[in-house]
file query11.cif (mmCIF, C-alpha atoms and all ligand atoms)
data_input
loop_
_atom_site.group_PDB
_atom_site.id
_atom_site.type_symbol
_atom_site.label_atom_id
_atom_site.label_comp_id
_atom_site.auth_asym_id
_atom_site.auth_seq_id
_atom_site.Cartn_x
_atom_site.Cartn_y
_atom_site.Cartn_z
ATOM 1 C CA MET A 283 -7.028 7.238 8.006
ATOM 2 C CA THR A 284 -3.716 5.446 7.473
ATOM 3 C CA LEU A 285 -3.784 1.837 8.725
ATOM 4 C CA LEU A 286 -0.276 0.810 7.691
ATOM 5 C CA SER A 287 2.708 2.939 6.889
ATOM 6 C CA LEU A 288 6.040 1.612 5.618
ATOM 7 C CA SER A 289 8.956 3.955 5.115
ATOM 8 C CA SER A 290 12.309 3.070 3.553
ATOM 9 C CA LEU A 291 11.751 -0.569 4.500
ATOM 10 C CA ASP A 292 14.737 -2.825 3.745
ATOM 11 C CA VAL A 293 14.797 -6.567 4.403
ATOM 12 C CA ALA A 294 17.712 -8.975 3.996
ATOM 13 C CA ARG A 295 17.289 -12.768 4.057
ATOM 14 C CA GLY A 296 20.608 -14.486 4.579
ATOM 15 C CA SER A 297 23.136 -12.557 2.508
ATOM 16 C CA CYS A 298 20.459 -11.488 0.017
ATOM 17 C CA ARG A 299 18.767 -8.080 0.034
ATOM 18 C CA VAL A 300 15.144 -9.023 -0.633
ATOM 19 C CA LEU A 301 13.362 -5.657 -0.213
ATOM 20 C CA GLU A 302 14.834 -2.231 -0.783
ATOM 21 C CA GLY A 303 13.470 1.208 0.030
ATOM 22 C CA ILE A 304 9.783 0.297 0.274
ATOM 23 C CA ASP A 305 7.500 3.280 0.945
ATOM 24 C CA LEU A 306 3.853 2.361 1.197
ATOM 25 C CA ALA A 307 0.777 3.605 3.043
ATOM 26 C CA VAL A 308 -2.491 1.668 3.165
ATOM 27 C CA ARG A 309 -5.525 3.727 4.067
ATOM 28 C CA ALA A 310 -9.045 2.911 5.244
ATOM 29 C CA GLY A 311 -11.261 2.198 2.233
ATOM 30 C CA GLU A 312 -8.500 0.658 0.139
ATOM 31 C CA PHE A 313 -8.254 -2.904 -1.149
ATOM 32 C CA VAL A 314 -4.618 -3.094 -2.196
ATOM 33 C CA GLY A 315 -3.526 -5.975 -4.414
ATOM 34 C CA LEU A 316 0.176 -6.735 -3.974
ATOM 35 C CA LEU A 317 1.399 -8.243 -7.238
ATOM 36 C CA GLY A 318 4.701 -9.508 -8.569
ATOM 37 C CA PRO A 319 6.376 -12.604 -10.007
ATOM 38 C CA ASN A 320 7.480 -15.526 -7.821
ATOM 39 C CA GLY A 321 10.287 -14.376 -5.545
ATOM 40 C CA ALA A 322 9.572 -10.634 -6.017
ATOM 41 C CA GLY A 323 9.232 -10.158 -2.237
ATOM 42 C CA LYS A 324 5.467 -10.096 -1.576
ATOM 43 C CA THR A 325 5.449 -12.483 1.409
ATOM 44 C CA THR A 326 8.565 -10.821 2.788
ATOM 45 C CA LEU A 327 6.902 -7.399 2.576
ATOM 46 C CA LEU A 328 3.717 -8.548 4.314
ATOM 47 C CA ARG A 329 5.604 -10.352 7.097
ATOM 48 C CA ALA A 330 8.048 -7.487 7.652
ATOM 49 C CA ALA A 331 5.142 -5.010 7.724
ATOM 50 C CA LEU A 332 3.633 -7.026 10.581
ATOM 51 C CA GLY A 333 6.931 -7.216 12.459
ATOM 52 C CA LEU A 334 7.282 -10.971 11.832
ATOM 53 C CA LEU A 335 10.646 -10.517 10.097
ATOM 54 C CA PRO A 336 13.517 -8.256 11.108
ATOM 55 C CA SER A 337 13.814 -5.203 8.879
ATOM 56 C CA ARG A 338 15.513 -1.827 8.597
ATOM 57 C CA GLY A 339 13.380 1.264 8.218
ATOM 58 C CA GLY A 340 9.905 1.679 9.579
ATOM 59 C CA SER A 341 6.601 -0.138 9.789
ATOM 60 C CA SER A 342 3.831 1.423 11.873
ATOM 61 C CA LEU A 343 2.487 -2.038 12.801
ATOM 62 C CA ALA A 344 5.857 -3.524 13.708
ATOM 63 C CA ARG A 345 6.293 -0.786 16.318
ATOM 64 C CA MET A 346 3.120 -1.805 18.204
ATOM 65 C CA THR A 347 2.945 -4.216 21.119
ATOM 66 C CA PRO A 348 1.751 -7.682 20.021
ATOM 67 C CA ALA A 349 -1.597 -7.161 21.776
ATOM 68 C CA ASP A 350 -2.236 -3.795 20.080
ATOM 69 C CA ARG A 351 -1.111 -5.183 16.727
ATOM 70 C CA ALA A 352 -3.546 -8.105 17.001
ATOM 71 C CA ARG A 353 -6.375 -5.595 17.396
ATOM 72 C CA ALA A 354 -5.050 -3.447 14.519
ATOM 73 C CA ALA A 355 -4.388 -6.085 11.860
ATOM 74 C CA ALA A 356 -5.394 -9.673 11.101
ATOM 75 C CA PHE A 357 -2.957 -11.817 9.119
ATOM 76 C CA LEU A 358 -3.735 -14.708 6.802
ATOM 77 C CA PRO A 359 -0.394 -16.484 6.215
ATOM 78 C CA GLN A 360 0.429 -18.334 3.008
ATOM 79 C CA ALA A 361 0.464 -21.803 4.671
ATOM 80 C CA ARG A 362 -3.097 -23.090 4.889
ATOM 81 C CA GLU A 363 -2.871 -26.457 6.624
ATOM 82 C CA ILE A 364 -4.764 -26.666 9.914
ATOM 83 C CA ALA A 365 -3.002 -28.901 12.444
ATOM 84 C CA TRP A 366 -5.449 -28.489 15.333
ATOM 85 C CA PRO A 367 -8.072 -31.292 15.639
ATOM 86 C CA MET A 368 -10.819 -28.842 16.616
ATOM 87 C CA PRO A 369 -14.292 -28.071 15.273
ATOM 88 C CA VAL A 370 -14.335 -25.440 12.512
ATOM 89 C CA SER A 371 -16.247 -23.015 14.752
ATOM 90 C CA ALA A 372 -13.514 -23.284 17.437
ATOM 91 C CA VAL A 373 -10.768 -22.557 14.892
ATOM 92 C CA VAL A 374 -12.658 -19.485 13.652
ATOM 93 C CA ALA A 375 -13.169 -18.381 17.289
ATOM 94 C CA LEU A 376 -9.367 -18.283 17.731
ATOM 95 C CA GLY A 377 -9.577 -15.014 15.773
ATOM 96 C CA ARG A 378 -11.204 -13.515 18.869
ATOM 97 C CA ILE A 379 -8.228 -14.166 21.172
ATOM 98 C CA ALA A 380 -7.066 -10.577 20.618
ATOM 99 C CA HIS A 381 -10.283 -9.317 22.176
ATOM 100 C CA PRO A 382 -10.829 -9.652 25.929
ATOM 101 C CA GLY A 383 -13.835 -11.812 26.993
ATOM 102 C CA MET A 384 -13.817 -14.360 24.175
ATOM 103 C CA ALA A 385 -17.260 -15.742 25.032
ATOM 104 C CA ALA A 386 -19.174 -12.457 24.907
ATOM 105 C CA PRO A 387 -22.193 -12.197 22.565
ATOM 106 C CA ARG A 388 -20.117 -9.805 20.426
ATOM 107 C CA ASP A 389 -17.532 -12.567 19.921
ATOM 108 C CA ARG A 390 -20.145 -15.176 19.016
ATOM 109 C CA GLU A 391 -21.679 -12.755 16.507
ATOM 110 C CA ALA A 392 -18.278 -12.106 14.897
ATOM 111 C CA VAL A 393 -17.632 -15.870 14.605
ATOM 112 C CA ASP A 394 -21.097 -16.553 13.158
ATOM 113 C CA ARG A 395 -20.723 -13.678 10.671
ATOM 114 C CA ALA A 396 -17.348 -14.976 9.493
ATOM 115 C CA ILE A 397 -18.646 -18.558 9.171
ATOM 116 C CA ALA A 398 -21.613 -17.345 7.107
ATOM 117 C CA ALA A 399 -19.416 -15.094 4.932
ATOM 118 C CA LEU A 400 -17.214 -18.042 3.927
ATOM 119 C CA ASP A 401 -20.190 -20.436 3.419
ATOM 120 C CA LEU A 402 -18.907 -22.669 6.242
ATOM 121 C CA GLU A 403 -22.239 -23.260 8.004
ATOM 122 C CA PRO A 404 -22.516 -26.913 6.849
ATOM 123 C CA LEU A 405 -18.962 -27.544 8.086
ATOM 124 C CA ARG A 406 -19.031 -25.675 11.403
ATOM 125 C CA ASP A 407 -18.994 -28.813 13.631
ATOM 126 C CA ARG A 408 -16.515 -30.797 11.522
ATOM 127 C CA ASP A 409 -12.981 -31.520 12.767
ATOM 128 C CA ALA A 410 -11.009 -28.904 10.811
ATOM 129 C CA THR A 411 -8.127 -31.309 10.113
ATOM 130 C CA THR A 412 -10.493 -33.528 8.080
ATOM 131 C CA LEU A 413 -11.396 -30.776 5.576
ATOM 132 C CA SER A 414 -10.042 -30.436 2.036
ATOM 133 C CA GLY A 415 -7.281 -27.912 1.328
ATOM 134 C CA GLY A 416 -9.678 -25.301 -0.063
ATOM 135 C CA GLU A 417 -12.097 -25.805 2.825
ATOM 136 C CA GLN A 418 -9.266 -25.344 5.338
ATOM 137 C CA ALA A 419 -8.241 -22.180 3.477
ATOM 138 C CA ARG A 420 -11.775 -20.803 3.867
ATOM 139 C CA VAL A 421 -11.728 -21.617 7.614
ATOM 140 C CA LEU A 422 -8.493 -19.654 8.064
ATOM 141 C CA ILE A 423 -9.898 -16.691 6.113
ATOM 142 C CA ALA A 424 -12.949 -16.825 8.416
ATOM 143 C CA ARG A 425 -10.638 -16.830 11.460
ATOM 144 C CA ALA A 426 -8.931 -13.681 10.143
ATOM 145 C CA LEU A 427 -12.310 -12.018 9.465
ATOM 146 C CA ALA A 428 -13.531 -12.902 12.978
ATOM 147 C CA GLN A 429 -10.600 -10.930 14.362
ATOM 148 C CA ASP A 430 -12.580 -7.887 13.214
ATOM 149 C CA THR A 431 -9.609 -5.560 12.736
ATOM 150 C CA PRO A 432 -9.368 -2.267 10.818
ATOM 151 C CA LEU A 433 -6.732 -3.878 8.538
ATOM 152 C CA LEU A 434 -6.618 -7.338 6.969
ATOM 153 C CA VAL A 435 -3.295 -8.582 5.582
ATOM 154 C CA ALA A 436 -3.667 -11.695 3.423
ATOM 155 C CA ASP A 437 -0.934 -13.686 1.695
ATOM 156 C CA GLU A 438 -2.391 -15.284 -1.458
ATOM 157 C CA PRO A 439 -5.921 -15.563 -0.038
ATOM 158 C CA VAL A 440 -7.427 -17.116 -3.187
ATOM 159 C CA ALA A 441 -4.704 -19.728 -3.779
ATOM 160 C CA GLY A 442 -6.277 -23.197 -3.858
ATOM 161 C CA LEU A 443 -9.857 -21.916 -3.930
ATOM 162 C CA ASP A 444 -12.301 -22.920 -6.670
ATOM 163 C CA PRO A 445 -13.364 -20.086 -9.019
ATOM 164 C CA ALA A 446 -16.612 -19.277 -7.184
ATOM 165 C CA ALA A 447 -14.925 -19.233 -3.763
ATOM 166 C CA GLY A 448 -12.127 -17.049 -5.161
ATOM 167 C CA ILE A 449 -14.604 -14.487 -6.494
ATOM 168 C CA ARG A 450 -16.565 -14.624 -3.234
ATOM 169 C CA VAL A 451 -13.428 -13.885 -1.178
ATOM 170 C CA MET A 452 -12.434 -11.009 -3.465
ATOM 171 C CA GLN A 453 -15.965 -9.573 -3.234
ATOM 172 C CA LEU A 454 -15.863 -9.904 0.551
ATOM 173 C CA PHE A 455 -12.558 -8.057 0.764
ATOM 174 C CA ALA A 456 -13.875 -5.323 -1.557
ATOM 175 C CA GLU A 457 -16.963 -5.004 0.677
ATOM 176 C CA LEU A 458 -14.764 -4.685 3.782
ATOM 177 C CA ALA A 459 -12.838 -1.889 2.086
ATOM 178 C CA ALA A 460 -16.060 -0.182 0.965
ATOM 179 C CA GLN A 461 -17.187 -0.286 4.625
ATOM 180 C CA GLY A 462 -14.051 1.613 5.648
ATOM 181 C CA ARG A 463 -11.598 -1.161 6.517
ATOM 182 C CA GLY A 464 -8.286 -1.639 4.702
ATOM 183 C CA VAL A 465 -7.184 -4.822 2.963
ATOM 184 C CA VAL A 466 -3.792 -5.684 1.513
ATOM 185 C CA ALA A 467 -3.517 -9.029 -0.251
ATOM 186 C CA SER A 468 -0.800 -10.635 -2.340
ATOM 187 C CA LEU A 469 -2.297 -12.095 -5.492
ATOM 188 C CA HIS A 470 -1.177 -13.936 -8.610
ATOM 189 C CA ASP A 471 -4.523 -13.790 -10.439
ATOM 190 C CA LEU A 472 -4.207 -10.490 -12.302
ATOM 191 C CA GLY A 473 -7.810 -10.746 -13.558
ATOM 192 C CA LEU A 474 -9.259 -10.952 -10.042
ATOM 193 C CA ALA A 475 -6.870 -8.242 -8.862
ATOM 194 C CA ALA A 476 -7.835 -5.868 -11.696
ATOM 195 C CA ARG A 477 -11.536 -6.483 -11.157
ATOM 196 C CA HIS A 478 -11.792 -6.203 -7.373
ATOM 197 C CA CYS A 479 -8.867 -4.177 -5.972
ATOM 198 C CA THR A 480 -9.061 -0.403 -5.649
ATOM 199 C CA ARG A 481 -5.279 -0.130 -6.003
ATOM 200 C CA LEU A 482 -2.452 -2.339 -7.242
ATOM 201 C CA VAL A 483 1.148 -2.293 -6.024
ATOM 202 C CA VAL A 484 3.580 -4.239 -8.198
ATOM 203 C CA LEU A 485 6.821 -5.552 -6.740
ATOM 204 C CA ASP A 486 9.725 -6.408 -9.008
ATOM 205 C CA ARG A 487 12.913 -7.834 -7.501
ATOM 206 C CA GLY A 488 12.296 -6.224 -4.128
ATOM 207 C CA ARG A 489 11.291 -2.754 -5.316
ATOM 208 C CA ILE A 490 7.961 -1.125 -6.091
ATOM 209 C CA ALA A 491 7.636 -1.002 -9.874
ATOM 210 C CA ALA A 492 4.147 0.531 -10.034
ATOM 211 C CA ASP A 493 1.440 1.743 -7.645
ATOM 212 C CA GLY A 494 -2.006 3.035 -8.554
ATOM 213 C CA PRO A 495 -5.467 2.193 -9.918
ATOM 214 C CA PRO A 496 -5.611 -1.124 -11.863
ATOM 215 C CA MET A 497 -6.205 0.465 -15.265
ATOM 216 C CA GLN A 498 -3.147 2.702 -14.816
ATOM 217 C CA VAL A 499 -0.859 0.022 -13.393
ATOM 218 C CA LEU A 500 -1.416 -2.985 -15.660
ATOM 219 C CA THR A 501 -0.069 -1.402 -18.828
ATOM 220 C CA PRO A 502 1.298 -3.515 -21.711
ATOM 221 C CA GLY A 503 4.806 -2.230 -20.924
ATOM 222 C CA LEU A 504 4.667 -3.214 -17.240
ATOM 223 C CA LEU A 505 3.131 -6.616 -17.995
ATOM 224 C CA ALA A 506 5.921 -7.400 -20.464
ATOM 225 C CA ARG A 507 8.720 -5.993 -18.314
ATOM 226 C CA VAL A 508 7.739 -7.390 -14.898
ATOM 227 C CA PHE A 509 5.643 -10.481 -15.701
ATOM 228 C CA GLY A 510 6.968 -11.403 -19.152
ATOM 229 C CA ILE A 511 3.500 -11.624 -20.703
ATOM 230 C CA THR A 512 1.472 -9.802 -23.282
ATOM 231 C CA ALA A 513 -2.074 -9.136 -22.107
ATOM 232 C CA HIS A 514 -4.958 -6.824 -22.713
ATOM 233 C CA LEU A 515 -6.799 -4.841 -20.047
ATOM 234 C CA SER A 516 -10.020 -3.118 -21.009
ATOM 235 C CA GLN A 517 -12.822 -1.383 -19.148
ATOM 236 C CA GLY A 518 -15.896 -3.647 -19.153
ATOM 237 C CA PRO A 519 -19.396 -2.796 -17.891
ATOM 238 C CA ASP A 520 -18.648 -4.414 -14.482
ATOM 239 C CA GLY A 521 -15.045 -3.213 -14.137
ATOM 240 C CA PRO A 522 -11.649 -3.900 -15.707
ATOM 241 C CA VAL A 523 -11.388 -7.071 -17.813
ATOM 242 C CA PHE A 524 -7.963 -8.686 -18.000
ATOM 243 C CA GLN A 525 -7.150 -11.021 -20.861
ATOM 244 C CA PRO A 526 -3.734 -12.722 -20.864
ATOM 245 C CA LEU A 527 -2.587 -13.433 -24.409
ATOM 246 C CA SER A 528 0.852 -15.066 -24.414
ATOM 247 C CA LEU A 529 4.397 -14.911 -23.161
ATOM 248 C CA SER A 530 5.971 -11.693 -24.314
ATOM 249 C CA PRO A 531 8.524 -12.255 -27.129
ATOM 250 C CA GLN A 532 11.320 -11.385 -24.690
ATOM 251 C CA ALA A 533 10.134 -13.972 -22.115
ATOM 252 C CA ALA A 534 9.610 -16.660 -24.762
ATOM 253 C CA GLU A 535 13.103 -16.186 -26.213
ATOM 254 C CA PRO A 536 15.017 -18.668 -23.985
ATOM 255 C CA HIS A 537 12.511 -21.437 -24.797
ATOM 256 C CA ARG A 538 12.712 -21.106 -28.589
ATOM 257 C CA ASP A 539 14.434 -23.786 -30.624
ATOM 258 C CA SER A 540 17.225 -22.286 -32.657
HETATM 259 N N1 LIG A 601 15.014 -17.479 4.585
HETATM 260 C C1 LIG A 601 15.459 -17.054 3.407
HETATM 261 N N2 LIG A 601 16.771 -17.073 3.091
HETATM 262 C C2 LIG A 601 17.216 -16.628 1.901
HETATM 263 N N3 LIG A 601 16.419 -16.125 0.937
HETATM 264 C C3 LIG A 601 15.085 -16.089 1.197
HETATM 265 C C4 LIG A 601 14.546 -16.549 2.430
HETATM 266 N N4 LIG A 601 13.207 -16.377 2.385
HETATM 267 C C5 LIG A 601 12.931 -15.836 1.181
HETATM 268 N N5 LIG A 601 14.055 -15.671 0.463
HETATM 269 C C6 LIG A 601 14.160 -15.120 -0.894
HETATM 270 O O1 LIG A 601 13.538 -13.850 -0.870
HETATM 271 C C7 LIG A 601 12.910 -13.613 -2.131
HETATM 272 C C8 LIG A 601 11.485 -13.147 -1.892
HETATM 273 O O2 LIG A 601 10.737 -14.209 -1.345
HETATM 274 P P1 LIG A 601 9.182 -14.045 -1.071
HETATM 275 O O3 LIG A 601 8.701 -15.308 -0.432
HETATM 276 O O4 LIG A 601 8.944 -12.769 -0.332
HETATM 277 O O5 LIG A 601 8.624 -13.891 -2.562
HETATM 278 P P2 LIG A 601 7.126 -13.830 -3.086
HETATM 279 O O6 LIG A 601 7.006 -12.628 -3.946
HETATM 280 O O7 LIG A 601 6.153 -13.951 -1.944
HETATM 281 O O8 LIG A 601 7.086 -15.135 -4.002
HETATM 282 P P3 LIG A 601 5.912 -16.188 -4.374
HETATM 283 O O9 LIG A 601 5.029 -15.494 -5.358
HETATM 284 O O10 LIG A 601 6.692 -17.293 -5.011
HETATM 285 O O11 LIG A 601 5.220 -16.608 -3.097
HETATM 286 C C9 LIG A 601 13.020 -14.912 -2.922
HETATM 287 O O12 LIG A 601 14.055 -14.772 -3.872
HETATM 288 C C10 LIG A 601 13.384 -15.950 -1.901
HETATM 289 O O13 LIG A 601 14.180 -16.970 -2.460
#
call {"tool": "encode", "arguments": {"input": "query11.cif", "output": "C-alpha cells"}}
result
Amino acid sequence: MTLLSLSSLDVARGSCRVLEGIDLAVRAGEFVGLLGPNGAGKTTLLRAALGLLPSRGGSSLARMTPADRARAAAFLPQAREIAWPMPVSAVVALGRIAHPGMAAPRDREAVDRAIAALDLEPLRDRDATTLSGGEQARVLIARALAQDTPLLVADEPVAGLDPAAGIRVMQLFAELAAQGRGVVASLHDLGLAARHCTRLVVLDRGRIAADGPPMQVLTPGLLARVFGITAHLSQGPDGPVFQPLSLSPQAAEPHRDS
C-alpha cells in the first residue's frame, strides 16, 4: 500500500528553486532514509510532502484535510526544543489529539507504549522544559509515535542523540516498518542509514540522485560526487557496514596549500 506519493513536486523558496521534479512513493513496510548534503532540500521535501510548504505538482498527503492528514502521518520536525512547561507524559499525549476521545484506554496505552519505547519512564513526570536537548528530542519522537499513524515522517530524528539512543531509534523505526508501517527520515549518519533503512533516497541540489537499497545506492562514485567523500560499504554479518575514509580528492582540492 502506498502511504505517500509525490509526483513532479517543485518547490521554490524566495527566488530560488529548491526542489525540482521529485517523484517518490513510500509504501507500507519501507524505512526510507532521505540523504543528502546540507542544503540539498531534505527538510523542504518533507515539509512540502506534508503540505506545510507551498509547492507545485502533487503530494497525496498535502491534498488531505488537516484532520485526515494527522491520522495518516506523524511529523517530527527538525527543531527539538520543547517550550511547554508540561509533564513529559502530557507532551507525549499531545500525539493523540488527532484521535477523538483523547482519554480512552487506547490513548493511554499508545502513550505508555511510546514512553517505554523511548526509555522515558524515569522522566515521565518531569517538566519537559527542564530536560536536556537529547531527552527533549526523545520526548518529541515519543509524541510522534503515540500518534500511531501508518506513516512517520522524521526530520533528522537521531540528531543530538547519544550513540545508544540513536541506534535504539533506528531499530524502532525499522521495527515499525517491519510491522507494516512506513517511515521516511532525513539522516546525515550514513552508517546508521545503511544499516537500518530498507531504502535510501539521495537528494543532490534539489533532485533525486539515487534511490534504492543501501548497498546499491552508496557506491564509491555517488559518495564522491554527492558527498565529496571516499568511503567503503561492505556487507557484514548484521547488515551493511559503512566506513568513511576521507574527503575525496576533488572535495579536498580547495583546502590544499599550493
Ligand atoms: N525560506 C527560505 N528562503 C530561501 N531559501 C531557503 C529558505 N529555506 C530554505 N532555503 C534554501 O533551500 C535549500 C534547501 O534547504 P533545506 O533546509 O531543505 O536543506 P536540507 O537538505 O534539509 O539541509 P540540512 O542538511 O542542512 O538540514 C537551502 O539551500 C536553503 O538555503
call {"tool": "closest_residue", "arguments": {"input": "query11.cif", "among": "A:Thr284, A:Ser371, A:Thr501, A:Gln360", "to": "ligand LIG 601 (chain A)", "atoms": "all atoms listed in the file"}}
result
A:Gln360
call {"tool": "residues_near_ligand", "arguments": {"input": "query11.cif", "ligand": "ligand LIG 601 (chain A)", "cutoff": "6 Å", "atoms": "only C-alpha atoms and all ligand atoms", "output": "compact mmCIF listing (two decimals) with C-alpha atoms, in the frame of the given file"}}
result
# COMPACT_ATOMS: atom_id res chain seq x y z
CA ARG A 295 17.29 -12.77 4.06
CA GLY A 296 20.61 -14.49 4.58
CA VAL A 300 15.14 -9.02 -0.63
CA PRO A 319 6.38 -12.60 -10.01
CA ASN A 320 7.48 -15.53 -7.82
CA GLY A 321 10.29 -14.38 -5.54
CA ALA A 322 9.57 -10.63 -6.02
CA GLY A 323 9.23 -10.16 -2.24
CA LYS A 324 5.47 -10.10 -1.58
CA THR A 325 5.45 -12.48 1.41
CA THR A 326 8.56 -10.82 2.79
call {"tool": "resolve_selection", "arguments": {"input": "query11.cif", "expression": "the PyMOL selection byres (((chain A and resi 301-308) around 10) and not hetatm)", "output": "PyMOL selection string"}}
result
chain A and resi 283-295+298-300+309-314+322-324+326-327+330-331+337-342+433+464-466+481+483+485-490+493
call {"tool": "atom_distance", "arguments": {"input": "query11.cif", "atom1": "atom CA of A:Leu454", "atom2": "atom CA of A:Pro439"}}
result
11.5 Å
call {"tool": "axis_aligned_box", "arguments": {"input": "query11.cif", "around": "stretch 425-436 of chain A", "padding_each_side": "3 Å", "output": "JSON"}}
result
{"center_x": -8.4, "center_y": -9.5, "center_z": 8.9, "size_x": 16.2, "size_y": 20.6, "size_z": 16.9}
call {"tool": "closest_residue", "arguments": {"input": "query11.cif", "among": "A:Ala428, A:Ala476, A:Met346, A:Ala399", "to": "A:Leu376", "atoms": "all atoms listed in the file"}}
result
A:Ala428
call {"tool": "decode", "arguments": {"input": "query11.cif", "residues": "stretch 327-397 of chain A", "atoms": "C-alpha atoms", "output": "PDB file, in the first residue's frame"}}
result
ATOM      1  CA  LEU A 327      10.892  17.851   0.665  1.00  0.00           C
ATOM      2  CA  LEU A 328       9.486  16.516   3.940  1.00  0.00           C
ATOM      3  CA  ARG A 329       7.602  19.741   4.722  1.00  0.00           C
ATOM      4  CA  ALA A 330       6.228  20.100   1.191  1.00  0.00           C
ATOM      5  CA  ALA A 331       5.149  16.437   1.228  1.00  0.00           C
ATOM      6  CA  LEU A 332       3.084  17.187   4.340  1.00  0.00           C
ATOM      7  CA  GLY A 333       1.569  20.326   2.826  1.00  0.00           C
ATOM      8  CA  LEU A 334       3.470  22.620   5.221  1.00  0.00           C
ATOM      9  CA  LEU A 335       5.122  24.500   2.345  1.00  0.00           C
ATOM     10  CA  PRO A 336       3.551  25.657  -0.905  1.00  0.00           C
ATOM     11  CA  SER A 337       4.604  23.532  -3.864  1.00  0.00           C
ATOM     12  CA  ARG A 338       3.797  22.804  -7.494  1.00  0.00           C
ATOM     13  CA  GLY A 339       2.970  19.262  -8.505  1.00  0.00           C
ATOM     14  CA  GLY A 340       1.363  16.694  -6.286  1.00  0.00           C
ATOM     15  CA  SER A 341       1.613  15.260  -2.802  1.00  0.00           C
ATOM     16  CA  SER A 342      -1.029  12.756  -1.706  1.00  0.00           C
ATOM     17  CA  LEU A 343      -0.778  13.975   1.914  1.00  0.00           C
ATOM     18  CA  ALA A 344      -0.933  17.673   1.081  1.00  0.00           C
ATOM     19  CA  ARG A 345      -4.299  17.090  -0.601  1.00  0.00           C
ATOM     20  CA  MET A 346      -5.887  15.725   2.605  1.00  0.00           C
ATOM     21  CA  THR A 347      -7.797  17.749   5.174  1.00  0.00           C
ATOM     22  CA  PRO A 348      -5.638  18.562   8.227  1.00  0.00           C
ATOM     23  CA  ALA A 349      -7.645  16.133  10.380  1.00  0.00           C
ATOM     24  CA  ASP A 350      -7.251  13.241   7.909  1.00  0.00           C
ATOM     25  CA  ARG A 351      -3.569  14.048   7.432  1.00  0.00           C
ATOM     26  CA  ALA A 352      -2.950  13.943  11.194  1.00  0.00           C
ATOM     27  CA  ARG A 353      -4.339  10.404  11.234  1.00  0.00           C
ATOM     28  CA  ALA A 354      -2.312   9.430   8.138  1.00  0.00           C
ATOM     29  CA  ALA A 355       1.125  10.788   9.038  1.00  0.00           C
ATOM     30  CA  ALA A 356       3.018  11.905  12.141  1.00  0.00           C
ATOM     31  CA  PHE A 357       5.747  14.518  11.709  1.00  0.00           C
ATOM     32  CA  LEU A 358       8.873  15.002  13.788  1.00  0.00           C
ATOM     33  CA  PRO A 359      10.217  18.459  12.838  1.00  0.00           C
ATOM     34  CA  GLN A 360      13.905  19.340  12.928  1.00  0.00           C
ATOM     35  CA  ALA A 361      13.544  21.817  15.849  1.00  0.00           C
ATOM     36  CA  ARG A 362      13.590  19.878  19.108  1.00  0.00           C
ATOM     37  CA  GLU A 363      13.138  22.461  21.851  1.00  0.00           C
ATOM     38  CA  ILE A 364      10.023  21.975  23.976  1.00  0.00           C
ATOM     39  CA  ALA A 365       8.519  25.289  25.096  1.00  0.00           C
ATOM     40  CA  TRP A 366       5.537  23.912  27.022  1.00  0.00           C
ATOM     41  CA  PRO A 367       6.074  23.600  30.823  1.00  0.00           C
ATOM     42  CA  MET A 368       4.164  20.310  30.992  1.00  0.00           C
ATOM     43  CA  PRO A 369       4.968  16.836  32.314  1.00  0.00           C
ATOM     44  CA  VAL A 370       6.646  14.557  29.758  1.00  0.00           C
ATOM     45  CA  SER A 371       3.607  12.251  29.710  1.00  0.00           C
ATOM     46  CA  ALA A 372       1.332  15.209  28.801  1.00  0.00           C
ATOM     47  CA  VAL A 373       3.616  16.244  25.927  1.00  0.00           C
ATOM     48  CA  VAL A 374       3.616  12.677  24.574  1.00  0.00           C
ATOM     49  CA  ALA A 375      -0.201  12.583  24.937  1.00  0.00           C
ATOM     50  CA  LEU A 376      -0.443  15.570  22.555  1.00  0.00           C
ATOM     51  CA  GLY A 377       0.254  12.999  19.822  1.00  0.00           C
ATOM     52  CA  ARG A 378      -3.252  11.673  20.476  1.00  0.00           C
ATOM     53  CA  ILE A 379      -5.025  14.943  19.606  1.00  0.00           C
ATOM     54  CA  ALA A 380      -5.679  13.606  16.096  1.00  0.00           C
ATOM     55  CA  HIS A 381      -7.748  10.796  17.575  1.00  0.00           C
ATOM     56  CA  PRO A 382     -11.179  11.542  19.046  1.00  0.00           C
ATOM     57  CA  GLY A 383     -11.595  10.758  22.794  1.00  0.00           C
ATOM     58  CA  MET A 384      -8.075  11.525  23.999  1.00  0.00           C
ATOM     59  CA  ALA A 385      -8.589   9.898  27.403  1.00  0.00           C
ATOM     60  CA  ALA A 386      -9.708   6.478  26.170  1.00  0.00           C
ATOM     61  CA  PRO A 387      -7.767   3.393  27.346  1.00  0.00           C
ATOM     62  CA  ARG A 388      -6.474   3.047  23.767  1.00  0.00           C
ATOM     63  CA  ASP A 389      -4.909   6.516  24.041  1.00  0.00           C
ATOM     64  CA  ARG A 390      -3.303   5.788  27.409  1.00  0.00           C
ATOM     65  CA  GLU A 391      -1.870   2.546  26.013  1.00  0.00           C
ATOM     66  CA  ALA A 392      -0.400   4.373  22.999  1.00  0.00           C
ATOM     67  CA  VAL A 393       1.207   6.986  25.292  1.00  0.00           C
ATOM     68  CA  ASP A 394       2.610   4.339  27.656  1.00  0.00           C
ATOM     69  CA  ARG A 395       3.970   2.309  24.720  1.00  0.00           C
ATOM     70  CA  ALA A 396       5.704   5.361  23.257  1.00  0.00           C
ATOM     71  CA  ILE A 397       7.171   6.363  26.644  1.00  0.00           C
TER      72      ILE A 397
END
